[in-house]
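Structure record follows, encoded as structure tokens.
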Amino acid sequence: MSTGDLTPPELALSSLGLDVDPALDASVSATLVAVEEALRVHVASADPLVAEAARHLADAGGKRLRPMLVALAAQFGDPARPDLIDAANVVELTHLATLYHDDVMDEAPVRRSAPSANARWGNSVAILVGDYLFAQAAELAARLGTEAVHLQAQTFSRLVHGQIAETVGPRDRDPIEHYLQVIADKTGSLIATAARFGGLFSGASTEVTEALAGYGEKIGLVFQLSDDLLDIASESIQSGKTPGTDLREGVPTLPVLYALAGDDADPAAVRLRELLSAGPITDDALHTEALTLLRESAAMKQARETVRGYAEEARARLAPLPEGDAKRAMEALCDYIADRTN
């Protein structure tokens with residue numbers, strides 16, 4: 001998707017179906033359009049191969065949740081401050097860089113309905129392009145000052161720790177506790193930084209900025225967990241991949257972990273544990289059976305309750321914020337993300 005293809009409704013809170021104040025929606029949309037235009041500049045390179053590969057995922061689109069949170073959090077200060085565009089690009093470039101590395105580690109052939117960078121150019125180029133995007137994010141952070149550099153470095157450290165933990169597995173740790181910590185580090189950390197940047201670079205107070213960061217951490221958990229649930233619950237490619245992909249690849253998401261940890265003697269629960277304990281479910285008939293059982297299981301209900309619990313925790317973090325359209329939009333975002341798995 002080129003910059004010319006972008007129109008404000010595609011980069012707005014209202015595009016999510018949220019009932020928000022039109023002036024707020026227009027402000028967030030204007031910031032996101034500017035972020036998108038700047039993103040094309042920051043992924044550019046004098047080397048044609050690097051330029052094409054670095055632009056690959058940016059052109060494929062995406063939810064742009066992190067820049068949206070920067071723009072929304074900025075409503076608690078001055079949302080017109082120019083540093084916010086660079087701040088939003090720091091978090092989005094960092095996010096894009098992690099996707100290049102994740103796809104190499106996961107040997108993923110597709111990302112955002114297009115061939116992954118590693119499938120198209122090979123693992124070495126994909127890794128190095130991810131490094132290039134990290135470098136671009138660091139350069140932007142340096143423009144914003146030492147605090148931004150420090151926060152981006154802390155966030156990057158959490159991202160790496162989360163990836164390492166996911167790679168080596170829970171070891172002696174409870175698998176569910178381990179899984180939730182991985183999500184907190186791999187997803188919650190960067191979304192928390194996006195919300196913090198919005199407060200910090202709009203000039204919001206320290207109390208407001210800390211509340212925004214706490215909200216971002218929790219809404220990041222809601223976002224990732226609901227994506228995992230969509231992979232099971234959706235009958236379409238709403239989650240961005242074919243439903244049941246995680247089951248087919250043996251990825252132990254929260255509903256699977258709850259099912260495996262259960263001791264229900266109900267025949268359906270016993271059969272589900274039997275199917276899931278075998279690892280990746282590649283046989284089409286067994287995959288369909290497992291997906292059907294999981295959708296109707298107590299584990300799926302428990303996972304939805306967990307998602308709703310984190311959504312309420314995110315909402316609670318908003319308590320110190322002044323009442324108004326921006327706070328109501330953040331509350332609505334909690335419900336939107338949590339409820340999309342139903």
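Residue numbers start at 1 in each chain; chains themselves are named A, B, ... in the order of the structure tokens; ligands are numbered from 1 in the order shown.
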Using only C-alpha atoms, which protein or nucleic acid residues come within 7 Å of region 111-125 of chain A? Drop anything in the same chain fewer than 2 positions from it, and give the result as a PyMOL selection string. chain A and resi 53+60+100+103-104+108-109+127-129+240
Extract, using only C-alpha atoms, all DNA, RNA and protein residues at most 9 Å from region 65-76 of chain A, discarding same-chain residues fewer than 5 positions from it, and format them as a PyMOL selection string. chain A and resi 11-13+24+27-29+31-32+35+81+84-85+87-89+91-92+95+190-205+208-209+212+216+321-322+326-327+329-330
Which residue out of A:Asp172, A:Glu107, A:Glu217, A:Glu210 has the minimum interatomic distance to Ala184 (chain A) when only C-alpha atoms are used?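 Of A:Asp172, A:Glu107, A:Glu217, A:Glu210, the one nearest Ala184 (chain A), counting only C-alpha atoms, is A:Glu217.
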Could you give me, as an MDAnalysis selection string, each residue of region 61-214 of chain A that DSSP assigns to alpha helix (DSSP H) when run on this structure's backbone? chainID A and resid 65:73 83:106 117:121 123:144 146:168 175:183 189:200 206:214
Skip His161 (chain A) itself and residues of its chain fewer than 4 positions away, then list as a CSV table (one decimal) with N, CA, C and O atoms, in the first residue's frame all residues within 12 Å of it, counting only C-alpha atoms.
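File produced: result_32.csv:
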chain,number,residue,atom,x,y,z
A,154,GLN,N,15.5,0.0,26.8
A,154,GLN,CA,14.8,-0.9,27.8
A,154,GLN,C,13.8,-1.8,27.1
A,154,GLN,O,13.7,-3.0,27.4
A,155,THR,N,13.0,-1.2,26.2
A,155,THR,CA,12.0,-1.9,25.5
A,155,THR,C,12.6,-3.0,24.7
A,155,THR,O,12.1,-4.2,24.6
A,156,PHE,N,13.7,-2.7,24.0
A,156,PHE,CA,14.4,-3.7,23.1
A,156,PHE,C,14.9,-4.8,24.0
A,156,PHE,O,14.8,-6.0,23.6
A,157,SER,N,15.4,-4.5,25.2
A,157,SER,CA,15.9,-5.6,26.0
A,157,SER,C,14.7,-6.5,26.4
A,157,SER,O,14.9,-7.7,26.4
A,165,ALA,N,13.0,-16.3,25.9
A,165,ALA,CA,12.1,-17.2,26.7
A,165,ALA,C,11.2,-18.0,25.9
A,165,ALA,O,11.0,-19.2,26.2
A,166,GLU,N,10.6,-17.5,24.8
A,166,GLU,CA,9.8,-18.2,24.0
A,166,GLU,C,10.5,-19.4,23.3
A,166,GLU,O,10.0,-20.5,23.1
A,167,THR,N,11.8,-19.0,22.9
A,167,THR,CA,12.6,-20.0,22.1
A,167,THR,C,13.0,-21.2,23.0
A,167,THR,O,12.9,-22.3,22.6
A,168,VAL,N,13.4,-20.9,24.2
A,168,VAL,CA,13.9,-22.0,25.1
A,168,VAL,C,12.8,-22.7,25.8
A,168,VAL,O,13.0,-23.8,26.4
A,169,GLY,N,11.6,-22.1,25.9
A,169,GLY,CA,10.5,-22.8,26.6
A,169,GLY,C,10.5,-22.5,28.1
A,169,GLY,O,11.3,-21.8,28.6
A,178,HIS,N,4.7,-18.8,32.2
A,178,HIS,CA,5.7,-18.5,31.3
A,178,HIS,C,5.2,-17.9,30.0
A,178,HIS,O,5.7,-16.9,29.5
A,181,GLN,N,4.2,-14.2,30.5
A,181,GLN,CA,5.3,-13.4,30.6
A,181,GLN,C,6.0,-13.1,29.3
A,181,GLN,O,6.4,-12.0,29.0
A,182,VAL,N,6.0,-14.1,28.4
A,182,VAL,CA,6.5,-14.0,27.1
A,182,VAL,C,5.7,-12.9,26.3
A,182,VAL,O,6.2,-12.0,25.7
A,183,ILE,N,4.4,-13.0,26.4
A,183,ILE,CA,3.5,-12.0,25.8
A,183,ILE,C,3.7,-10.6,26.3
A,183,ILE,O,3.8,-9.6,25.6
A,184,ALA,N,3.9,-10.5,27.7
A,184,ALA,CA,4.1,-9.2,28.3
A,184,ALA,C,5.4,-8.6,27.7
A,184,ALA,O,5.5,-7.4,27.4
A,185,ASP,N,6.4,-9.4,27.6
A,185,ASP,CA,7.7,-8.9,27.1
A,185,ASP,C,7.7,-8.6,25.6
A,185,ASP,O,8.2,-7.6,25.1
A,186,LYS,N,7.1,-9.6,24.8
A,186,LYS,CA,7.2,-9.4,23.4
A,186,LYS,C,6.2,-8.5,22.8
A,186,LYS,O,6.4,-7.9,21.7
A,187,THR,N,5.0,-8.3,23.4
A,187,THR,CA,4.0,-7.4,22.9
A,187,THR,C,3.7,-6.3,23.8
A,187,THR,O,3.6,-5.1,23.4
A,189,SER,N,5.4,-4.8,26.1
A,189,SER,CA,6.5,-3.8,26.4
A,189,SER,C,6.4,-2.7,25.4
A,189,SER,O,6.5,-1.5,25.7
Leu144 (chain A) environment, 8 Å, only C-alpha atoms, sequence neighbours closer than 5 positions dropped, as a list in words: Asp83, Asp86, Ala87 and Val149 of chain A
Serialized selection, N, CA, C and O atoms, as a CSV table (one decimal), in the first residue's frame:
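Printed below is out07.csv as written:
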chain,number,residue,atom,x,y,z
A,83,ASP,N,7.3,16.3,17.5
A,83,ASP,CA,8.1,15.1,18.0
A,83,ASP,C,7.3,13.8,18.1
A,83,ASP,O,7.8,12.7,18.0
A,86,ASP,N,7.9,11.5,15.1
A,86,ASP,CA,9.2,10.7,15.2
A,86,ASP,C,9.0,9.6,16.3
A,86,ASP,O,9.4,8.4,16.1
A,87,ALA,N,8.3,9.9,17.4
A,87,ALA,CA,8.1,8.9,18.5
A,87,ALA,C,7.3,7.8,18.0
A,87,ALA,O,7.6,6.6,18.3
A,149,VAL,N,16.0,7.4,24.0
A,149,VAL,CA,17.0,6.4,23.7
A,149,VAL,C,17.0,5.4,24.9
A,149,VAL,O,17.0,4.1,24.6
Between CA of Pro48 (chain A) and CA of Arg64 (chain A), what is the spacing in Å? 25.3 Å
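Considering only C-alpha atoms, the residue among A:Pro320, A:Pro175, A:Gly244, A:Gly188 positioned nearest to Thr282 (chain A) is A:Gly244.
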I'd like to know which of A:His42, A:Arg304, A:Arg273, A:Arg295 is closest to Leu257 (chain A), using only C-alpha atoms.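 Closest to Leu257 (chain A), using only C-alpha atoms: A:Arg273.
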Could you tell me how far CA of Ala58 (chain A) sits from CA of Gly130 (chain A), in Å to one decimal place? 12.0 Å
Pairwise distance for CA of Ser226 (chain A) and CA of Ile176 (chain A), rounded to one decimal in Å: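 Atom-to-atom, CA of Ser226 (chain A) to CA of Ile176 (chain A), that is 15.6 Å.
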Which residues, written as a PDB file with all heavy atoms, in the first residue's frame, have at least one atom at most 10 Å from Thr292 (chain A), with only C-alpha atoms counted and residues fewer than 4 positions away on the same chain left out?
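Output saved as result-v1.pdb:
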ATOM      1  N   ILE A 232      -8.397 -19.414  16.804  1.00  0.00           N
ATOM      2  CA  ILE A 232      -9.251 -20.571  17.092  1.00  0.00           C
ATOM      3  C   ILE A 232     -10.709 -20.269  16.776  1.00  0.00           C
ATOM      4  O   ILE A 232     -11.404 -21.062  16.131  1.00  0.00           O
ATOM      5  CB  ILE A 232      -9.126 -20.975  18.571  1.00  0.00           C
ATOM      6  CG1 ILE A 232      -7.695 -21.414  18.877  1.00  0.00           C
ATOM      7  CG2 ILE A 232     -10.116 -22.083  18.934  1.00  0.00           C
ATOM      8  CD1 ILE A 232      -7.372 -21.478  20.350  1.00  0.00           C
ATOM      9  N   ALA A 233     -11.181 -19.101  17.207  1.00  0.00           N
ATOM     10  CA  ALA A 233     -12.614 -18.808  17.148  1.00  0.00           C
ATOM     11  C   ALA A 233     -13.101 -18.371  15.785  1.00  0.00           C
ATOM     12  O   ALA A 233     -14.269 -18.598  15.428  1.00  0.00           O
ATOM     13  CB  ALA A 233     -12.957 -17.725  18.172  1.00  0.00           C
ATOM     14  N   GLY A 244      -6.856 -21.796  12.941  1.00  0.00           N
ATOM     15  CA  GLY A 244      -6.265 -23.048  13.385  1.00  0.00           C
ATOM     16  C   GLY A 244      -4.801 -23.213  13.018  1.00  0.00           C
ATOM     17  O   GLY A 244      -4.237 -24.293  13.210  1.00  0.00           O
ATOM     18  N   LEU A 272      -9.687 -33.951  23.757  1.00  0.00           N
ATOM     19  CA  LEU A 272      -8.964 -32.742  23.371  1.00  0.00           C
ATOM     20  C   LEU A 272      -7.541 -32.778  23.922  1.00  0.00           C
ATOM     21  O   LEU A 272      -6.586 -32.461  23.197  1.00  0.00           O
ATOM     22  CB  LEU A 272      -9.709 -31.498  23.870  1.00  0.00           C
ATOM     23  CG  LEU A 272      -9.062 -30.152  23.571  1.00  0.00           C
ATOM     24  CD1 LEU A 272      -8.878 -29.942  22.074  1.00  0.00           C
ATOM     25  CD2 LEU A 272      -9.899 -29.010  24.157  1.00  0.00           C
ATOM     26  N   LEU A 286      -7.952 -34.702  12.005  1.00  0.00           N
ATOM     27  CA  LEU A 286      -7.656 -34.489  13.421  1.00  0.00           C
ATOM     28  C   LEU A 286      -7.621 -33.001  13.755  1.00  0.00           C
ATOM     29  O   LEU A 286      -8.041 -32.584  14.841  1.00  0.00           O
ATOM     30  CB  LEU A 286      -6.324 -35.139  13.779  1.00  0.00           C
ATOM     31  CG  LEU A 286      -6.269 -36.665  13.688  1.00  0.00           C
ATOM     32  CD1 LEU A 286      -4.870 -37.174  14.024  1.00  0.00           C
ATOM     33  CD2 LEU A 286      -7.299 -37.301  14.625  1.00  0.00           C
ATOM     34  N   HIS A 287      -7.123 -32.208  12.822  1.00  0.00           N
ATOM     35  CA  HIS A 287      -7.082 -30.761  13.025  1.00  0.00           C
ATOM     36  C   HIS A 287      -8.489 -30.195  13.170  1.00  0.00           C
ATOM     37  O   HIS A 287      -8.768 -29.398  14.069  1.00  0.00           O
ATOM     38  CB  HIS A 287      -6.355 -30.095  11.849  1.00  0.00           C
ATOM     39  CG  HIS A 287      -6.259 -28.612  11.952  1.00  0.00           C
ATOM     40  ND1 HIS A 287      -7.212 -27.763  11.427  1.00  0.00           N
ATOM     41  CD2 HIS A 287      -5.322 -27.810  12.541  1.00  0.00           C
ATOM     42  CE1 HIS A 287      -6.869 -26.509  11.668  1.00  0.00           C
ATOM     43  NE2 HIS A 287      -5.730 -26.511  12.341  1.00  0.00           N
ATOM     44  N   THR A 288      -9.384 -30.619  12.292  1.00  0.00           N
ATOM     45  CA  THR A 288     -10.779 -30.162  12.365  1.00  0.00           C
ATOM     46  C   THR A 288     -11.422 -30.593  13.671  1.00  0.00           C
ATOM     47  O   THR A 288     -12.140 -29.813  14.311  1.00  0.00           O
ATOM     48  CB  THR A 288     -11.581 -30.727  11.171  1.00  0.00           C
ATOM     49  OG1 THR A 288     -11.012 -30.237   9.949  1.00  0.00           O
ATOM     50  CG2 THR A 288     -13.050 -30.313  11.248  1.00  0.00           C
ATOM     51  N   GLU A 296     -15.380 -25.236  21.668  1.00  0.00           N
ATOM     52  CA  GLU A 296     -16.507 -25.495  22.566  1.00  0.00           C
ATOM     53  C   GLU A 296     -16.059 -25.839  23.987  1.00  0.00           C
ATOM     54  O   GLU A 296     -16.881 -26.198  24.830  1.00  0.00           O
ATOM     55  CB  GLU A 296     -17.347 -26.646  21.998  1.00  0.00           C
ATOM     56  CG  GLU A 296     -17.941 -26.332  20.619  1.00  0.00           C
ATOM     57  CD  GLU A 296     -18.585 -27.553  19.966  1.00  0.00           C
ATOM     58  OE1 GLU A 296     -18.468 -28.661  20.547  1.00  0.00           O
ATOM     59  OE2 GLU A 296     -19.175 -27.404  18.886  1.00  0.00           O
ATOM     60  N   SER A 297     -14.769 -25.713  24.267  1.00  0.00           N
ATOM     61  CA  SER A 297     -14.219 -26.212  25.524  1.00  0.00           C
ATOM     62  C   SER A 297     -14.311 -25.194  26.655  1.00  0.00           C
ATOM     63  O   SER A 297     -14.450 -23.985  26.451  1.00  0.00           O
ATOM     64  CB  SER A 297     -12.748 -26.593  25.333  1.00  0.00           C
ATOM     65  OG  SER A 297     -11.973 -25.432  25.084  1.00  0.00           O
TER      66      SER A 297
END
Residues near Arg248 (chain A), anyone? I mean within 9 Å using only C-alpha atoms, not counting same-chain ones fewer than 6 positions away, as a ChimeraX atom specification. /A:279-284,287
Put those residues in a file: C-alpha atoms, as a compact mmCIF listing (two decimals), in the first residue's frame.
# COMPACT_ATOMS: atom_id res chain seq x y z
CA GLY A 279 2.11 -31.55 19.34
CA PRO A 280 1.51 -30.15 15.84
CA ILE A 281 -1.78 -31.41 14.38
CA THR A 282 -1.12 -31.68 10.66
CA ASP A 283 -3.71 -34.31 9.74
CA ASP A 284 -6.73 -32.45 8.33
CA HIS A 287 -7.08 -30.76 13.02
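Here the DSSP assignment of strand (DSSP E), based on backbone atoms, applies within region 81-279 of chain A to Val110, Arg111, Ala114 and Pro115 of chain A.
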Just the residues within 6 Å of region 131-143 of chain A, please, counting only C-alpha atoms, with nothing from its chain fewer than 4 positions along; format it as a VMD selection string. chain A and resid 90 93 to 94 97 148 to 149
Which residue, A:Val256, A:Ala26, A:Leu16, A:Ala38, has the smallest gap to Ala80 (chain A) when you use only C-alpha atoms?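 Among the listed residues, A:Ala26 lies closest to Ala80 (chain A).
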